[in-house]
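What follows is a set of notes on a single structure, which appears directly below.
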Protein chains: 8
Amino acid sequence: MKTAELGYASVDLDRKKRTGVPEVIYGAGKNAEEIIGIASTLREAGQEPVLVTRIDEDKAEACAEAFGEDFIYHKNAQIGVLGKIPAADGVGKIVVLTGGTSDIPVAEEAALTAETMGNEVIRHYDVGVAGLHRLLAHEDDIASATVIIAVAGMEGALASVVAGLAPCPVIAVPTSVGYGASFGGLSALLSMLNSCASGVSVVNIDNGFGAGFQASLINHVGVKR
Amino acid sequence: MKTAELGYASVDLDRKKRTGVPEVIYGAGKNAEEIIGIASTLREAGQEPVLVTRIDEDKAEACAEAFGEDFIYHKNAQIGVLGKIPAADGVGKIVVLTGGTSDIPVAEEAALTAETMGNEVIRHYDVGVAGLHRLLAHEDDIASATVIIAVAGMEGALASVVAGLAPCPVIAVPTSVGYGASFGGLSALLSMLNSCASGVSVVNIDNGFGAGFQASLINHVGVKR
Amino acid sequence: MKTAELGYASVDLDRKKRTGVPEVIYGAGKNAEEIIGIASTLREAGQEPVLVTRIDEDKAEACAEAFGEDFIYHKNAQIGVLGKIPAADGVGKIVVLTGGTSDIPVAEEAALTAETMGNEVIRHYDVGVAGLHRLLAHEDDIASATVIIAVAGMEGALASVVAGLAPCPVIAVPTSVGYGASFGGLSALLSMLNSCASGVSVVNIDNGFGAGFQASLINHVGVKR
Amino acid sequence: MKTAELGYASVDLDRKKRTGVPEVIYGAGKNAEEIIGIASTLREAGQEPVLVTRIDEDKAEACAEAFGEDFIYHKNAQIGVLGKIPAADGVGKIVVLTGGTSDIPVAEEAALTAETMGNEVIRHYDVGVAGLHRLLAHEDDIASATVIIAVAGMEGALASVVAGLAPCPVIAVPTSVGYGASFGGLSALLSMLNSCASGVSVVNIDNGFGAGFQASLINHVGVKR
Amino acid sequence: MKTAELGYASVDLDRKKRTGVPEVIYGAGKNAEEIIGIASTLREAGQEPVLVTRIDEDKAEACAEAFGEDFIYHKNAQIGVLGKIPAADGVGKIVVLTGGTSDIPVAEEAALTAETMGNEVIRHYDVGVAGLHRLLAHEDDIASATVIIAVAGMEGALASVVAGLAPCPVIAVPTSVGYGASFGGLSALLSMLNSCASGVSVVNIDNGFGAGFQASLINHVGVKR
Amino acid sequence: MKTAELGYASVDLDRKKRTGVPEVIYGAGKNAEEIIGIASTLREAGQEPVLVTRIDEDKAEACAEAFGEDFIYHKNAQIGVLGKIPAADGVGKIVVLTGGTSDIPVAEEAALTAETMGNEVIRHYDVGVAGLHRLLAHEDDIASATVIIAVAGMEGALASVVAGLAPCPVIAVPTSVGYGASFGGLSALLSMLNSCASGVSVVNIDNGFGAGFQASLINHVGVKR
Amino acid sequence: MKTAELGYASVDLDRKKRTGVPEVIYGAGKNAEEIIGIASTLREAGQEPVLVTRIDEDKAEACAEAFGEDFIYHKNAQIGVLGKIPAADGVGKIVVLTGGTSDIPVAEEAALTAETMGNEVIRHYDVGVAGLHRLLAHEDDIASATVIIAVAGMEGALASVVAGLAPCPVIAVPTSVGYGASFGGLSALLSMLNSCASGVSVVNIDNGFGAGFQASLINHVGVKR
Amino acid sequence: MKTAELGYASVDLDRKKRTGVPEVIYGAGKNAEEIIGIASTLREAGQEPVLVTRIDEDKAEACAEAFGEDFIYHKNAQIGVLGKIPAADGVGKIVVLTGGTSDIPVAEEAALTAETMGNEVIRHYDVGVAGLHRLLAHEDDIASATVIIAVAGMEGALASVVAGLAPCPVIAVPTSVGYGASFGGLSALLSMLNSCASGVSVVNIDNGFGAGFQASLINHVGVKR
C-alpha cells in the first residue's frame with residue numbers, strides 16, 4: 001500500500017484504485033493546515049474529488065484561500081469538496097428523508113457524500129410519521145429507490161415506517177435532535193436498532209457521512225469502477 | 001377515610017364513593033390468602049367489582065374456589081374480576097391497538113381494566129407500523145375514538161403514528177417485548193416519551209392496567225357517577 | 001390533506017378543522033424567518049391562534065416586529081401566541097401544580113398551552129411534598145379538577161401524592177431541575193413512571209407543552225368543536 | 001486487633017469491645033459450615049448476639065441443628081440470631097415504615113437488626129404516599145421518633161414525604177420491588193438520593209441491614225456502652 | 001394489500017409480489033399452532049419458501065409433523081424453512097465472518113436467511129482480530145465479496161478491521177457473547193456503531209436474520225425478480 | 001402551619017419551632033431579589049440564622065448590600081449566612097474528611113451547614129486512601145467523632161475505609177470530581193452505596209448541605225432545643 | 001502461522017514458540033467434545049500445559065475421562081489443566097488479594113492461571129478495606145511483590161488502598177459480587193477505573209484469567225523463555 | 001512517612017525513596033500558586049524530576065516564570081516537567097500507539113510520563129485498525145516491545161489487534177475522541193475491557209498518565225533503583 005507520511009497523518013494514496021473511492025478527511029479533529037496538507041497530498045496523487053467532512057466555516061475559508069474555486073463549501077452540512085464531482089453512475093437513485101427540519105444538516109451530509117461519490121440523490125425533508133400523509137405523498141419515490149436513507153431524531157420511528165413501505169435497503173441515521181429523554185440521540189438510536197421492519201441497518205448518531213458512504217456502496221453493487 | 005386494617009394490608013373502603021372506582025388489588029406481591037382476604041373485605045364493603053391484576057393461574061384457582069362463579073379469570077391478561085362488570089357509561093369508545101402479537105397480554109390487561117370500569121372497548125391487534133396499511137385499515141375507529149391506548153414493544157413507533165392520525169388523547173404503553181438493544185422495554189419507552197406527535201403520554205413498561213385505568217378516567221370526564 | 005410547502009417545512013393547513021386545534025410551531029430548531037413564515041401561512045389559512053413554543057427572546061422580538069400587537073410573548077415560558085385566545089369551553093378546570101420555584105417555566109408552558117387551546121387553568125406553585133401541608137391547603141382544587149398537571153424535578157414525588165388525592169387523570173411532567181444524581185431529569189422521570197398511584201401518565205422531561213396539549217384534549221372529551 | 005483466622009474467613013474478635021457491636025455475618029456468599037464456624041468462633045469470644053443476615057431456610061436449619069434453641073430464624077427477613085437480644089438502651093425509638101406490602105421483608109431486616117442491637121422499634125407497614133391519609137394516621141409516631149427508616153420501592157416517594165414531616169434523621173431504603181422502568185430498584189434509589197426534603201440519607205437497594213445498623217448507631221449517640 | 005386475518009395475526013399475502021420476498025415468521029413470541037397456521041396460510045398463497053426464525057426444537061418438531069419433509073429445521077440457528085430454497089440469483093457472494101465459536105448460531109441465522117432468499121454464501125468462522133493472521137488468510141474472499149456480514153461479541157472489533165480491508169458494504173452484527181462489562185452485547189454494539197472504518201452499518205444485538213435479510217437486498221440491487 | 005406567601009415562594013415560618021432548625025434557602029434557582037425577599041421574611045419571623053446555599057458571588061454581593069455586616073459569604077462553599085451562628089450544643093464533634101483537594105468546596109458546604117446549626121466541626125482534608133498513612137494520622141479524631149462526613153470523588157473509597165475505623169455513623173458524600181469513567185460523580189456514588197463497611201449512608205452527588213444537615217440532626221439526638 | 005483447522009475452531013500451534021505461552025481454551029462457549037478436541041490438538045503439537053478456563057464440572061469430568069490423571073480440575077476456579085505445570089521462573093512473586101470470601105473463585109482463576117504460566121503466587125484472601133488492619137498485616141508481602149492482583153466486588157476500594165501501599169503494578173479485578181446498586185460488578189469496575197492511586201490498571205468484571213495472564217507477562221519482563 | 005503540610009495539600013516527601021518515583025502533581029484542580037508551592041516543596045526535598053499533569057498554558061507560564069529554564073512545558077500533552085529527566089534505565093522499550101490523530105495528546109501524556117520516569121519510548125501514531133497495513137508496518141517494533149500502550153477512541157479496537165500481535169503486556173487507554181454513541185469514551189472503554197485478546201488491561205478514559213506510569217513500573221520489573 002502506498003502511503004504518504006505527513007507526520008500528523010498517514011495518508012492512503014491507493015484507496016481510489018483499490019476501492020473506487022479516495023480517502024475522506026474527517027475535519028473535526030484537525031486544524032486548517034493539516035486539512036490543506038492532506039487534501040493537497042491526495043489531489044497530487046490523483047485521488048479526487050477530496051471530501052472533507054465536519055469542517056467549520058473558519059477552516060473552510062482557509063481551504064478556499066488555498067484552493068480557490070476548486071473548493072466548494074456546503075455550510076449547512078459542514079462539508080467541503082475539492083475537485084470535480086463525478087457523474088452519477090450508480091444502479092439507481094438514493095432517496096434521503098428526514099423526520100423534521102432540524103434533521104436537515106445530517107441529511108445533507110449524507111446526500112452530499114453520496115453525490116460526491118457518483119450518485120443521483122432525491123431529497124424529501126420534514127416528512128415525519130406524526131403527519132403520515134406527508135410521507136405517503138412520496139410513496140412512489142420510496143417504492144422505486146435503490147437505497148433509502150432515513151434521518152430522524154426524537155423517537156426515530158421514520159425508519160420503521162419507511163422500511164415497511166420500501167422493498168430496498170434502508171439505512172437509518174439517528175440524530176441528536178430532541179431534548180430530555182432523547183438523551184442526545186440515544187432514544188432514536190435504540191428505536192432504529194429495534195425496528196420491527198426488515199431491511200433496516202443503523203449508523204452512529206448524526207453520522208450522515210457514514211450513511212451516504214454505505215448507500216453509495218450499495219448503489220454501486222455490480223458496477224465496475 | 002374508612003380503612004380495614006388486615007395486618008398485611010390497609011384496605012381503603014371509601015374509594016368507590018370518593019373516586020367512582022374501588023381499590024384495585026395488585027396480585028404480584030401477595031399470596032392467595034391475602035388476595036382472597038382483601039377481595040372479601042372490599043366486597044363486603046360494597047366495593048364491587050373487585051379487580052385483581054398480575055394474578056397467576058395458581059392464585060386464580062384458589063380465588064375461584066373461594067368465590068365460585070362470581071370470580072372470572074382472564075389467563076392471557078393475568079386478571080381476575082370478582083363481581084358484576086358495570087354497564088359502559090363513558091363518553092365514547094376506547095380503542096386498544098398493539099404493534100404485534102406478543103403485545104396482546106399487556107393490551108388485554110388494559111382492555112379488561114377499562115371494561116371493568118365501565119367502558120366500551122374496541123381492539124385492533126397486530127397493526128404495527130412496519131405494515132402501515134394494516135393500521136390504516138382502522139383509520140375510522142382511530143378517528144372516532146375518545147381515547148386510544150397504543151401498546152407496542154421494540155421501537156414503539158405505533159404511538160407516534162397513531163397520535164398523528166387521531167384527534168384524541170393517546171396513552172402509550174411500552175412493552176418488554178423484543179431482545180438485544182430493546183433492553184427490556186427501555187427502547188420502546190424512550191421512543192414513546194420522545195414522540196414527535198402531540199397528545200401522547202406514557203405509562204410504565206408493561207403497565208396495561210395503568211393505561212386502562214387512566215383511559216377510563218378520561219372517558220368519564222364530565223360523567224357523573 | 002391540504003399542506004403548504006415552504007421548502008424548509010411542510011405546513012398542515014387542515015389540522016384545525018380535522019382535530020379542533022391548529023398546528024403548533026416548535027421554535028427551537030427554527031430561525032426567526034422560518035417561524036414568521038410558518039406563522040403567516042397558518043394565519044392566512046385561518047388556523048388561529050398560532051402557538052409558538054421554545055422561542056427565545058431574540059426570535060420573539062422579530063415576531064413582534066412582524067406581527068405587531070397580535071403577537072404576545074411570554075418570556076418565562078418561552079411561548080409566543082399570534083392571534084386571539086379562544087374562550088374557555090372545556091368540561092371543567094385544569095389544575096397545574098409545581099414542586100418548587102424552579103419548575104415554574106415548564107409549568108407555565110403547560111398552562112399557557114392549555115389556555116391557548118380554550119381551557120380554564122388554576123395554578124398552585126411551590127407545593128412540593130417536603131412541605132405536605134402547603135399541598136394539602138389546595139385539596140379542594142385538587143379534588144374538583146378535571147385534569148391535573150403535576151410538574152416536578154428532583155425526586156418527582158408530587159405526581160404520586162397528588163394522584164392519591166385526586167379522582168381525575170394526572171399528567172406528570174418531570175423537569176430537569178436538580179443536580180448530581182438527578183441526571184438531567186431522569187430521576188424524576190423514572191419516579192413518575194413508577195408511581196404507585198393509579199391514574200398517572202407521563203410526558204418527556206420539561207415537556208410542558210405536551211402536558212398542556214393532552215390536558216386540553218382530556219378537558220374537551222365529549223365537547224363538540 | 002485480635003482476629004481468628006479460619007482459612008475461609010478472618011474474624012474480628014475485638015469489634016464488640018471496640019465499637020459496642022459484634023461483627024455481623026453476611027450469609028449470602030457462605031455455606032452452612034462456614035456460617036456455623038464463624039458464629040461459633042464469635043460466640044466463644046463473647047461476641048453475642050451473633051447476627052446472620054441473608055441466610056436462607058436450608059442454612060438456617062443447619063444452624064438450628066448446630067445451636068439448638070439459642071438460634072432463632074426470622075424467615076421473612078432471612079435473618080438468624082444466635083444468643084440473647086440485649087435490652088433496648090437507645091436514646092429513643094426507631095420507626096420503620098414501608099410504602100407497600102412487598103417492601104416488608106426488607107423492612108423486617110432493618111427492624112430485626114436494630115432490635116438485635118438494642119433498640120425499641122415501631123413498625124408501620126403499607127403506608128405509601130398514594131394513600132396519604134394512611135401515612136398521616138401515624139403522624140405522632142413520626143414526630144416523636146429518634147430515627148426513621150423509610151423503606152419503599154417503585155417511585156420511592158415515601159422518604160421525601162416523611163422527611164418533610166419528621167424533625168429527625170431519615171434513612172431511606174430503596175427496594176427492588178416493582179417492574180419495568182423501576183430497573184431493579186434504581187428508580188427508587190435515584191428518587192431518594194434526590195429528595196427535596198432535608199435530613200435524608202440513603203443506603204443500597206434492599207439493604208435493610210445497613211439501615212437498621214446505622215439507625216442503631218444514631219439512636220445510641222451519646223450512650224455509653 | 002391482501003391480508004389474511006387469523007385473529008392472532010394479520011398475514012400479508014402480497015409481500016412476495018410487492019417486494020420479491022415473502023413475509024417471515026418470527027417464532028419467538030408464537031406457539032406451534034400459530035406458527036403452523038401462519039405458515040400454512042402463506043404457503044397456500046404461494047408465498048414460498050416460508051422462513052421461520054427463533055423457533056425452538058419443540059415447536060420445530062410440531063412443524064415437522066405438520067408439514068413433513070417440506071419443513072427443514074436448522075437447530076443451531078433456530079431456523080425452520082418450509083418449501084424449496086430458490087437458486088442463488090444475486091449479483092455476487094455474501095461472506096459471513098465470526099469473531100469466535102460462540103458467535104456461530106447468530107452467523108448461521110444470517111447465512112441461512114440469505115440462502116433462503118436466493119444468495120450464495122461463504123462462511124469463515126472463528127477469525128477474530130486477536131489472531132489477525134487467521135483473518136488475513138481469507139483476504140481474497142473479503143476483497144471479492146458483494147456484501148460482508150461481520151458477527152462478533154465482546155469488543156466487536158471484527159467489523160472495523162474487515163471494513164478497512166473490504167471495498168463493499170459491511171453489515172455488523174453484535175452478539176450477546178461475553179460476560180461482565182460486555183453487558184449483553186452492548187459493548188460490541190457501541191463498538192460497531194463507532195467504527196472508524198467507512199462502510200459499516202449495524203443491526204440489533206444477535207439479529208442475524210436482519211443482517212442476512214439486508215445483505216440479500218443489497219446483493220440483489222439491480223436484479224429483477 | 002404558618003406560611004408567608006410571596007408569590008414566587010411559600011415560606012415556612014414555623015419550622016424553627018417545629019424542628020429546631022429554620023427553613024434553608026436553596027439559592028441556585030432563585031435570583032437575588034427572591035433570595036433577599038425570603039431571607040427578610042424569615043428574619044422578621046425570628047427564623048435566624050438564615051442559611052443560603054449554592055449562592056454565587058453576584059447574588060451574595062446583592063445580599064451583602066441589603067443586609068450589611070449581618071450577612072457573611074463563604075465563597076469557596078458558596079454559602080451565605082444571615083444572622084448570628086448559635087453556640088455549639090451537640091452531643092459531640094462532627095469530623096469532616098476529604099479524599100483530595102478538589103473535594104474541599106463540597107466539604108466546606110457540609111462543615112458550614114453543620115456549624116450554622118450549632119455543631120463543633122473538625123476538618124481533615126486531602127487524606128485520600130491512596131496515601132493511607134495520611135488518613136491514619138487522624139485515627140484518634142476518627143475514633144472519637146460523633147458523626148463523620150466523608151467527602152470524595154473518583155473512586156469514593158474513603159467512606160469504606162473510614163467506616164471500618166469508626167464506631168459512629170458515617171455520611172458519605174460523593175463528589176463530581178474526576179474525569180472519564182467517573183461520569184460526573186456516578187462512580188463515587190455507586191462505590192459508596194456498595195460500601196462493604198457497616199454504618200455508611202449516602203447523600204446526593206455534591207450534596208454537602210444534606211450531609212451537614214443530617215450530621216447535625218444526628219449530633220443533636222437526645223438534645224432538647 | 002501454523003494453525004489446525006478443526007471446523008469448529010482454528011487452533012494456533014505456534015503460539016508457545018512465538019509468545020512463550022500456549023493458546024488457552026475458553027471453555028464457556030464450547031462443549032466437552034470441542035474442548036477435548038482442541039486440547040488434544042494442542043498437546044500433540046507440544047503446546048503444554050493446556051489451560052482450560054470457565055469449564056464446569058460436567059465438562060471437566062469428560063476431560064478427566066479422556067485424559068486421565070494428566071488432567072487436573074480446580075472446581076472453585078472452574079479451571080482445568082492438562083499436562084505438567086512448569087517451574088516458576090519469573091522475576092519475583094505475584095500477590096493475589098481479595099476483599100471478601102465471595103471473591104475467592106475469581107482470585108483462584110487468576111492465581112492458577114499465573115501458576116500454570118510459571119509464577120510463584122502468594123494468596124491473602126478476605127482482607128477488604130472495611131477491616132484495614134487485616135490488610136496491613138500483610139504489608140510486607142505487598143511491599144515486596146513484583147505484581148499484585150487485587151480482586152474485589154461491591155465498592156472495589158481494595159485496589160486503590162493497595163496501590164497506595166505498593167511500589168509495583170497493581171492489576172485490579174472487579175467482581176460481580178454484591179447486590180442492588182453493585183449492578184453486576186459495574187460499581188467495582190468504575191471504582192477501580194477511577195482509582196486515585198497511580199499504577200492501577202483494570203480487567204473485565206470477573207476476569208481472573210486476564211489478570212493472571214497479564215501478571216505473568218509482567219513477572220517475566222526481561223526473562224528469556 | 002515524612003510529609004509536608006501546606007494547608008491546601010499534604011505532600012509526600014518519601015515517595016521517591018520508598019517507590020523509586022516522586023509524587024506527581026495533578027494540575028487540573030489546583031491553581032498556579034498551589035502547583036508552584038508543591039513543586040518547590042518536592043524539589044527542595046530532592047524529589048526530582050517533578051511531573052505536573054493536566055496543566056494548562058496559563059498555569060504553565062506562571063511555573064516557567066517561577067522556575068525559569070528548569071521547567072519545560074509540553075503543550076500538546078498538557079504536561080510540565082521541573083528538573084532533569086533521568087537516563088532510561090528500564091528493561092526494554094515502551095511502544096506507544098494511537099488509532100488516530102486526535103488521540104495524540106493522550107498518547108503524549110503517556111509517553112512523556114514514561115520518559116520522565118526513565119524509559120525509552122517509541123511512538124507510532126495514526127495506525128488505527130481501519131487501515132491495518134499501516135499498523136502491520138510496525139510489526140517488528142510491536143513484537144520487540146517490553147510494554148505497549150494502545151491509545152484509541154471510537155471503537156477502541158486497536159488494543160485487541162495489537163495484543164494479538166504482541167507477546168508483551170498491553171495497556172489500553174480509551175480516549176473521549178468520537179461523537180454520538182461513543183458517549184465520551186464509554187464505547188472505547190467497554191470495547192477494551194472486553195478484548196478477546198489476552199494480556200490487555202485498561203486505565204480510565206483519557207488517562208495517559210496512568211498508562212505511562214504503569215508501563216514504567218512494568219518496564220522496571222527486576223530493576224534496582
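Letters A, B, ... mark the chains of the C-alpha cells in the order given; residue numbers begin at 1 per chain; ligand numbers begin at 1, in order shown.
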
With 7 Å as the limit and counting only C-alpha atoms, what residues in chain E lie close to chain G? Please list them as a PDB file with C-alpha atoms, in the first residue's frame.
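And here's selection04.pdb as it stands now:
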```
ATOM      1  CA  THR E 101     -17.020 -20.024  18.038  1.00  0.00           C
ATOM      2  CA  SER E 102     -19.838 -18.786  20.242  1.00  0.00           C
ATOM      3  CA  ASP E 126     -13.560 -18.051  14.378  1.00  0.00           C
ATOM      4  CA  GLY E 180     -19.093  -8.766  32.762  1.00  0.00           C
ATOM      5  CA  ALA E 181     -18.734  -5.431  31.042  1.00  0.00           C
TER       6      ALA E 181
END
```

Item checked: Non-local contacts of segment 41-58 of chain D (6 Å; only C-alpha atoms; under 4 positions in same chain excluded) as a ChimeraX atom specification -> /D:22,24-28,78-84

Print the selection's residues with N, CA, C and O atoms to a file, as a compact mmCIF listing (two decimals), in the first residue's frame.
```txt
# COMPACT_ATOMS: atom_id res chain seq x y z
N PRO D 22 -20.86 -6.49 67.89
CA PRO D 22 -20.03 -7.56 67.34
C PRO D 22 -20.09 -7.57 65.81
O PRO D 22 -20.99 -6.98 65.21
N VAL D 24 -20.95 -8.82 62.16
CA VAL D 24 -22.17 -9.44 61.65
C VAL D 24 -21.80 -10.38 60.51
O VAL D 24 -20.88 -10.09 59.74
N ILE D 25 -22.49 -11.52 60.40
CA ILE D 25 -22.19 -12.48 59.33
C ILE D 25 -23.15 -12.27 58.17
O ILE D 25 -24.36 -12.37 58.32
N TYR D 26 -22.58 -11.96 56.99
CA TYR D 26 -23.37 -11.82 55.77
C TYR D 26 -23.50 -13.21 55.16
O TYR D 26 -22.54 -13.77 54.62
N GLY D 27 -24.67 -13.81 55.29
CA GLY D 27 -24.82 -15.23 54.98
C GLY D 27 -24.85 -15.58 53.50
O GLY D 27 -24.63 -16.74 53.13
N ALA D 28 -25.10 -14.58 52.63
CA ALA D 28 -25.37 -14.88 51.22
C ALA D 28 -24.25 -15.65 50.54
O ALA D 28 -24.48 -16.63 49.84
N GLN D 78 -35.08 -13.20 56.44
CA GLN D 78 -33.89 -14.02 56.19
C GLN D 78 -32.75 -13.68 57.16
O GLN D 78 -31.60 -13.53 56.77
N ILE D 79 -33.14 -13.56 58.42
CA ILE D 79 -32.16 -13.23 59.45
C ILE D 79 -32.16 -14.32 60.52
O ILE D 79 -33.22 -14.84 60.89
N GLY D 80 -30.98 -14.67 60.98
CA GLY D 80 -30.85 -15.57 62.12
C GLY D 80 -30.12 -14.87 63.25
O GLY D 80 -29.22 -14.08 63.01
N VAL D 81 -30.53 -15.16 64.49
CA VAL D 81 -29.86 -14.54 65.63
C VAL D 81 -29.44 -15.65 66.60
O VAL D 81 -30.25 -16.47 67.01
N LEU D 82 -28.17 -15.64 66.96
CA LEU D 82 -27.64 -16.60 67.92
C LEU D 82 -27.34 -15.87 69.23
O LEU D 82 -26.51 -14.96 69.25
N GLY D 83 -28.04 -16.26 70.27
CA GLY D 83 -27.79 -15.64 71.57
C GLY D 83 -28.87 -14.64 71.94
O GLY D 83 -29.78 -14.34 71.16
N LYS D 84 -28.78 -14.11 73.12
CA LYS D 84 -29.84 -13.27 73.69
C LYS D 84 -29.79 -11.85 73.15
O LYS D 84 -28.73 -11.23 73.08
```

Next item on the list: Quick one: everything within 6 Å of Met154 of chain C, counting only C-alpha atoms, minus sequence neighbours fewer than 5 positions away in the same chain. Send it as a list of chain:residue names.
Entry: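 That gives C:Gly178, C:Ser182, C:Ala188, D:Asn194.
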
Restricting it to C-alpha atoms, dump the selection as a PDB file, in the first residue's frame.
```
ATOM      1  CA  GLY C 178     -31.785  19.307  40.214  1.00  0.00           C
ATOM      2  CA  SER C 182     -30.976  13.765  39.114  1.00  0.00           C
ATOM      3  CA  ALA C 188     -37.947  12.429  38.261  1.00  0.00           C
TER       4      ALA C 188
ATOM      5  CA  ASN D 194     -32.759  13.474  45.007  1.00  0.00           C
TER       6      ASN D 194
END
```

Next item on the list: Please return as a PyMOL selection string: the residues of segment 123-184 of chain C that backbone DSSP assigns to strand (DSSP E).
Entry: chain C and resi 123-124+147-152+170-174

Margin query: Excluding Ala157 of chain H and its own-chain neighbours fewer than 6 positions away, which residues fall within 7 Å of it when counting only C-alpha atoms? Please give them as JSON, numbers by chain.
Written below: {"E": [157], "H": [129, 191]}

Expected file: the selected residues, N, CA and C atoms, as a short mmCIF file (atom, residue, chain, number, x, y, z; two decimals), in the first residue's frame:
```cif
data_model
loop_
_atom_site.label_atom_id
_atom_site.label_comp_id
_atom_site.auth_asym_id
_atom_site.auth_seq_id
_atom_site.Cartn_x
_atom_site.Cartn_y
_atom_site.Cartn_z
N ALA E 157 -14.52 -5.82 17.49
CA ALA E 157 -13.57 -5.13 16.64
C ALA E 157 -13.53 -5.67 15.22
N VAL H 129 -7.04 0.51 13.19
CA VAL H 129 -7.29 -0.77 12.56
C VAL H 129 -8.04 -0.68 11.24
N SER H 191 -15.16 -1.60 24.98
CA SER H 191 -14.52 -2.42 23.97
C SER H 191 -13.19 -2.98 24.48
#
```

Next item on the list: Could you tell me how far atom CA of Ile122 of chain A lies from atom CA of Val96 of chain A, in Å and to one decimal?
Entry: 6.1 Å

Next item on the list: Please run DSSP on the backbone and report, as a ChimeraX atom specification, all residues within segment 15-223 of chain A that come out as alpha helix (DSSP H).
Entry: /A:15-19,32-44,57-67,104-116,132-136,139-144,158-165,186-193,208-219

Next item on the list: Can you pull out every residue within 9 Å of segment 158-171 of chain B, counting only C-alpha atoms, but drop anything in the same chain fewer than 4 positions away, and send it as a PyMOL selection string?
Entry: (chain A and resi 129-132+155+157+161) or (chain B and resi 97-99+127-129+135+139+142-152+191-192+194-203+211-212+214-215+218) or (chain C and resi 18-21+201+214-215+217-218+221)

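For segment 106-118 of chain B, the non-local neighbours within 6 Å, defined as residues at least 2 positions apart in the same chain or in other chains and counting only C-alpha atoms, are B:Ala77, B:Ile85, B:Pro86, B:Ala87, B:Ala88, B:Asp89, B:Asp103, B:Ile104, B:Asp206, B:Gly208, B:Phe209, B:Ala211, B:Gly212, B:Ser216.
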
Notebook entry, point to check: To one decimal place, how far is atom CA of Phe67 of chain F from atom CA of Glu23 of chain F in Å?
Noted result: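 Taking atom CA of Phe67 of chain F and atom CA of Glu23 of chain F, their separation equals 18.2 Å.
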
Notebook entry, point to check: Rounded to one decimal in Å, what is the spacing between atom CA of Gly222 of chain A and atom CA of Gly92 of chain A?
Noted result: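 For atom CA of Gly222 of chain A relative to atom CA of Gly92 of chain A, the distance reads 11.8 Å.
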